[in-house]
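Asks: Dropping in run-v9.txt, with compact mmCIF, C-alpha atoms.
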# COMPACT_ATOMS: atom_id res chain seq x y z
CA MET Q 1 37.97 -6.49 -125.53
CA PRO Q 2 38.21 -6.70 -121.77
CA ARG Q 3 41.45 -5.84 -119.96
CA LEU Q 4 41.52 -8.16 -116.95
CA PHE Q 5 43.54 -8.78 -113.80
CA THR Q 6 43.08 -10.60 -110.50
CA ALA Q 7 43.57 -8.83 -107.20
CA LEU Q 8 42.75 -8.62 -103.53
CA LYS Q 9 40.20 -5.94 -102.72
CA ILE Q 10 41.17 -3.54 -99.94
CA PRO Q 11 38.49 -3.26 -97.23
CA SER Q 12 36.94 0.19 -96.97
CA SER Q 13 38.24 0.72 -93.42
CA ILE Q 14 41.82 0.12 -94.61
CA ALA Q 15 41.26 2.24 -97.73
CA THR Q 16 40.14 5.11 -95.51
CA GLN Q 17 43.33 4.83 -93.45
CA LEU Q 18 45.44 4.83 -96.63
CA THR Q 19 43.81 8.06 -97.83
CA PHE Q 20 45.49 9.87 -94.92
CA LEU Q 21 48.76 9.23 -96.80
CA GLN Q 22 47.42 10.89 -99.96
CA CYS Q 23 48.59 14.46 -99.44
CA GLY Q 24 51.52 16.78 -99.85
CA LEU Q 25 52.87 15.75 -103.27
CA ALA Q 26 52.48 18.24 -106.08
CA GLY Q 27 51.74 16.59 -109.42
CA ALA Q 28 50.51 13.35 -107.86
CA ARG Q 29 47.51 11.69 -109.48
CA TRP Q 30 45.99 10.14 -106.35
CA ILE Q 31 44.23 6.83 -106.84
CA ASP Q 32 40.59 6.77 -105.79
CA PRO Q 33 40.23 4.63 -102.63
CA SER Q 34 37.52 2.54 -104.32
CA ASP Q 35 40.22 1.41 -106.79
CA PHE Q 36 42.76 0.31 -104.15
CA HIS Q 37 43.76 -3.33 -104.60
CA ILE Q 38 46.74 -5.71 -104.47
CA THR Q 39 47.29 -7.18 -107.93
CA LEU Q 40 47.83 -10.92 -108.09
CA ARG Q 41 48.18 -11.29 -111.88
CA PHE Q 42 47.66 -8.90 -114.79
CA PHE Q 43 46.26 -10.78 -117.80
CA GLY Q 44 45.78 -7.84 -120.16
CA ASP Q 45 43.50 -7.38 -123.13
CA MET Q 46 41.71 -10.47 -124.40
CA ASP Q 47 38.76 -11.50 -126.48
CA ASN Q 48 35.49 -12.64 -124.92
CA ALA Q 49 36.26 -16.36 -125.39
CA GLN Q 50 39.56 -16.00 -123.49
CA ALA Q 51 37.81 -13.99 -120.79
CA LYS Q 52 35.19 -16.73 -120.39
CA ASP Q 53 37.91 -19.41 -120.11
CA LEU Q 54 39.77 -17.33 -117.54
CA THR Q 55 36.64 -16.66 -115.48
CA GLN Q 56 35.78 -20.35 -115.37
CA SER Q 57 39.36 -21.45 -114.65
CA LEU Q 58 39.72 -19.11 -111.68
CA ASP Q 59 37.14 -21.26 -109.87
CA GLN Q 60 39.91 -23.87 -109.57
CA VAL Q 61 42.18 -21.58 -107.53
CA SER Q 62 41.90 -22.22 -103.83
CA SER Q 63 43.45 -20.89 -100.65
CA ASN Q 64 42.78 -20.69 -96.97
CA PRO Q 65 41.99 -17.27 -95.49
CA PHE Q 66 45.06 -15.32 -94.41
CA THR Q 67 46.08 -11.91 -93.11
CA VAL Q 68 47.81 -9.19 -95.13
CA GLU Q 69 49.75 -6.36 -93.52
CA LEU Q 70 50.59 -3.06 -95.22
CA CYS Q 71 53.72 -1.80 -93.53
CA THR Q 72 55.83 0.55 -95.64
CA LEU Q 73 55.83 3.07 -98.47
CA GLY Q 74 57.86 2.82 -101.63
CA THR Q 75 58.10 3.84 -105.25
CA PHE Q 76 58.62 2.27 -108.65
CA GLY Q 77 60.84 4.04 -111.13
CA SER Q 78 64.04 4.63 -109.08
CA ASP Q 79 65.50 7.98 -110.25
CA LYS Q 80 62.34 8.84 -112.23
CA PRO Q 81 59.56 7.64 -109.92
CA ARG Q 82 56.24 6.95 -111.59
CA MET Q 83 54.29 5.42 -108.71
CA LEU Q 84 53.94 5.69 -104.92
CA TRP Q 85 52.72 2.58 -103.11
CA ALA Q 86 52.04 1.00 -99.72
CA GLY Q 87 53.93 -2.30 -99.50
CA VAL Q 88 52.87 -5.65 -98.11
CA THR Q 89 54.86 -7.53 -95.47
CA ALA Q 90 56.33 -10.75 -96.89
CA ASN Q 91 53.62 -13.39 -96.72
CA GLU Q 92 53.95 -17.03 -97.79
CA GLN Q 93 50.21 -17.52 -98.31
CA LEU Q 94 49.99 -14.44 -100.53
CA SER Q 95 53.02 -15.62 -102.53
CA THR Q 96 51.42 -19.04 -102.96
CA LEU Q 97 48.16 -17.47 -104.14
CA HIS Q 98 50.06 -15.30 -106.62
CA GLN Q 99 51.95 -18.34 -107.91
CA SER Q 100 48.71 -20.25 -108.44
CA HIS Q 101 47.45 -17.35 -110.60
CA GLU Q 102 50.72 -17.31 -112.54
CA THR Q 103 50.54 -21.08 -113.11
CA LEU Q 104 46.93 -20.78 -114.28
CA ALA Q 105 47.85 -17.94 -116.63
CA GLN Q 106 50.58 -19.98 -118.30
CA ARG Q 107 48.32 -23.03 -118.56
CA LEU Q 108 45.81 -20.83 -120.42
CA GLY Q 109 48.51 -19.67 -122.84
CA PHE Q 110 49.50 -16.30 -121.35
CA LYS Q 111 53.16 -15.37 -121.34
CA ALA Q 112 55.04 -15.71 -118.06
CA GLU Q 113 55.20 -12.51 -116.00
CA GLY Q 114 58.71 -11.17 -116.33
CA ARG Q 115 58.67 -8.94 -113.27
CA LYS Q 116 59.22 -10.00 -109.68
CA PHE Q 117 56.01 -10.11 -107.62
CA THR Q 118 56.04 -7.03 -105.37
CA PRO Q 119 52.65 -6.91 -103.64
CA HIS Q 120 51.51 -3.34 -103.02
CA VAL Q 121 48.62 -0.89 -103.09
CA THR Q 122 49.16 1.97 -105.54
CA LEU Q 123 48.47 5.31 -103.85
CA ALA Q 124 49.55 7.73 -106.60
CA ARG Q 125 50.94 7.90 -110.13
CA PHE Q 126 53.24 10.55 -111.61
CA LYS Q 127 53.78 11.72 -115.17
CA SER Q 128 57.33 12.84 -114.48
CA GLY Q 129 59.95 11.85 -111.96
CA ARG Q 130 60.02 13.68 -108.63
CA ALA Q 131 62.81 11.81 -106.87
CA HIS Q 132 63.80 14.58 -104.44
CA GLN Q 133 60.20 15.48 -103.53
CA LEU Q 134 59.29 11.81 -103.08
CA GLY Q 135 62.37 11.23 -100.92
CA LEU Q 136 61.20 13.95 -98.55
CA TYR Q 137 57.65 12.57 -98.59
CA LEU Q 138 58.86 9.03 -97.76
CA ALA Q 139 61.05 10.30 -94.92
CA GLU Q 140 58.07 12.14 -93.44
CA HIS Q 141 55.39 9.45 -93.92
CA ASN Q 142 57.11 6.06 -93.79
CA ASP Q 143 56.48 5.55 -90.08
CA PHE Q 144 52.74 4.95 -90.47
CA THR Q 145 51.14 2.32 -88.25
CA PRO Q 146 50.91 -1.02 -90.11
CA LEU Q 147 47.44 -1.85 -91.40
CA SER Q 148 46.19 -5.46 -91.40
CA PHE Q 149 43.17 -7.19 -92.85
CA LYS Q 150 41.93 -10.72 -93.40
CA VAL Q 151 41.74 -12.03 -96.96
CA THR Q 152 38.86 -14.42 -97.64
CA ASP Q 153 38.59 -14.11 -101.43
CA PHE Q 154 40.10 -12.60 -104.56
CA CYS Q 155 38.43 -10.74 -107.43
CA LEU Q 156 38.64 -10.59 -111.20
CA TYR Q 157 38.76 -6.93 -112.22
CA SER Q 158 38.38 -5.17 -115.55
CA ALA Q 159 40.05 -1.90 -116.45
CA LYS Q 160 39.56 0.64 -119.20
CA ASP Q 161 42.07 0.47 -122.04
CA SER Q 162 45.28 2.45 -121.58
CA THR Q 163 44.13 4.67 -118.72
CA GLY Q 164 46.15 3.15 -115.87
CA GLY Q 165 44.81 3.66 -112.38
CA GLY Q 166 41.14 2.91 -112.87
CA PRO Q 167 38.31 3.08 -112.61
CA TYR Q 168 38.19 -0.66 -112.05
CA LEU Q 169 35.14 -2.90 -112.05
CA ILE Q 170 34.84 -6.19 -110.17
CA GLU Q 171 33.69 -8.76 -112.73
CA ALA Q 172 33.72 -11.81 -110.42
CA GLN Q 173 34.54 -12.68 -106.83
CA TYR Q 174 36.13 -15.99 -105.77
CA PRO Q 175 35.73 -16.90 -102.08
CA PHE Q 176 38.16 -19.33 -100.43
Please go through the file and, once you have read it, give me the structure as C-alpha cells.
Replies:
Amino acid sequence: MPRLFTALKIPSSIATQLTFLQCGLAGARWIDPSDFHITLRFFGDMDNAQAKDLTQSLDQVSSNPFTVELCTLGTFGSDKPRMLWAGVTANEQLSTLHQSHETLAQRLGFKAEGRKFTPHVTLARFKSGRAHQLGLYLAEHNDFTPLSFKVTDFCLYSAKDSTGGGPYLIEAQYPF
C-alpha cells in the first residue's frame, strides 16, 4: 500500500542554504536535504486503485508559476516540541494551490484535513520535547536571510510506512 502526499520540491540551492541551519541541537534527527519539501496535502495509505485515481486526478490541478519565500523558523508541539521547521511567508497562490488539493482529496473520498495549513519545510524531528534548548536555538538562528524560489510544478511523493521524515520518492511531477 502506498503512503502518498503532494508537495513542492525544494530546489537544491535552497536546500543547501537550509542545511546551514541544521546544527547545534542535541537529540535532533536532521532531515536529509534531498527530502526537504513543502507539503500541500497528505493523503495517507491507500490501495493501488486509489493511488491510480489520485495520480490521474492530479492532472486536473492547475496553477500559474509563483514565488515562495522561506522567512522564519518555528516548531510544532508547543511545550513539548517535536519538529523544527522553516516557515513560508503568507502566499495567496500557495494557499489556492493547497485548497485545490484539499478539494480534490474530498472529491475522491478522503476525509477533510482537520489541521490549519501551515506551509513549512521540516528541518528536524525530536523524540522528546526540548522547549528550553529550542528557544535558545530559535533566538540565535531566526534572523536568517529569507530564501526565495520559483514554483513551476508540484510532485506526488510516496513515503515508507510509519517512519516519518523520509526517505521520500517522487512518484509523479505535475508542471503548471
Asks: Could you give me, as JSON, numbers by chain, the residues within 10 Å of Thr67 of chain Q, counting all atoms listed in the file and dropping anything in the same chain fewer than 6 positions from it?
Replies: {"Q": [91, 93, 94, 148, 149, 150, 151, 152]}
Asks: If you count only C-alpha atoms, which residues fall within 12 Å of Phe110 of chain Q, apart from same-chain ones fewer than 2 positions away, as a ChimeraX atom specification?
Replies: /Q:41-46,50-51,54,101-108,112-114
Asks: Mind giving me the straight-line distance from atom CA of Tyr137 of chain Q to atom CA of Ala7 of chain Q in Å, one decimal?
Replies: 27.0 Å
Asks: Find the residues near Arg82 of chain Q: any atom within 10 Å, counting all atoms listed in the file, skip ones fewer than 2 places away on the same chain, and give them as a list of chain:residue names.
Replies: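 So, after excluding close chain neighbours, the residues are Q:Ala28, Q:Thr75, Q:Phe76, Q:Gly77, Q:Ser78, Q:Asp79, Q:Lys80, Q:Leu84, Q:Ala124, Q:Arg125, Q:Phe126, Q:Lys127, Q:Ser128, Q:Gly129, Q:Arg130, Q:Ala131.
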Asks: Could you tell me how far atom CA of Met83 of chain Q sits from atom CA of Phe144 of chain Q, in Å to one decimal place?
Replies: 18.3 Å
Asks: Which segment 121-164 of chain Q residues have any atom within 9 Å of an atom of segment 33-36 of chain Q, and for each, what is the nearest pair of atoms with distance in Å to one decimal, counting all atoms listed in the file, rows sorted by chain and number, as a tab-separated table?
Replies:
residue	atom	partner	partner_atom	distance
Q:Val121	CA	Q:Phe36	CA	6.1
Q:Thr122	CA	Q:Phe36	CA	6.8
Q:Leu123	CA	Q:Phe36	CA	7.6
Asks: Identify which of the residues Q:Pro81, Q:Pro65, Q:Gly74, Q:Pro146 lies closest to Leu8 of chain Q, counting only C-alpha atoms when measuring atom-to-atom distances.
Replies: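 Checking each of Q:Pro81, Q:Pro65, Q:Gly74, Q:Pro146 against Leu8 of chain Q, counting only C-alpha atoms, the winner is Q:Pro65.
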Asks: Mind giving me the straight-line distance from atom CA of Ser12 of chain Q to atom CA of Gly87 of chain Q in Å, one decimal?
Replies: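 That distance, rounded to one decimal, is 17.4 Å.
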Asks: May I ask which of the residues Q:Ala90, Q:Leu25, Q:Leu73, Q:Ile38 is the closest one to Leu138 of chain Q, counting only C-alpha atoms?
Replies: Q:Leu73
Asks: Write out as a list of chain:residue names which residues come within 8 Å of His120 of chain Q when counting all atoms listed in the file, dropping same-chain ones fewer than 6 positions away.
Replies: Q:His37, Q:Ile38, Q:Thr39, Q:Leu70, Q:Trp85, Q:Ala86, Q:Gly87, Q:Val88
Asks: At a cut-off of 8 Å from (39.2, -7.0, -113.6) in the coordinates of the file, what residues are picked up using only C-alpha atoms, written as a PyMOL selection string?
Replies: chain Q and resi 3-7+155-159+168-172
Asks: Point out the residue among Q:Thr89, Q:Thr96, Q:Gln173, Q:Thr145 with the least atom-to-atom distance to Val68 of chain Q, counting all atoms listed in the file.
Replies: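 Selected residue with least distance to Val68 of chain Q: Q:Thr89.
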Asks: Which one of Q:Asp47, Q:Ser62, Q:Asp153, Q:Leu147 sits closest to Leu18 of chain Q if you count only C-alpha atoms?
Replies: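 Using only C-alpha atoms, the shortest distance to Leu18 of chain Q belongs to Q:Leu147.
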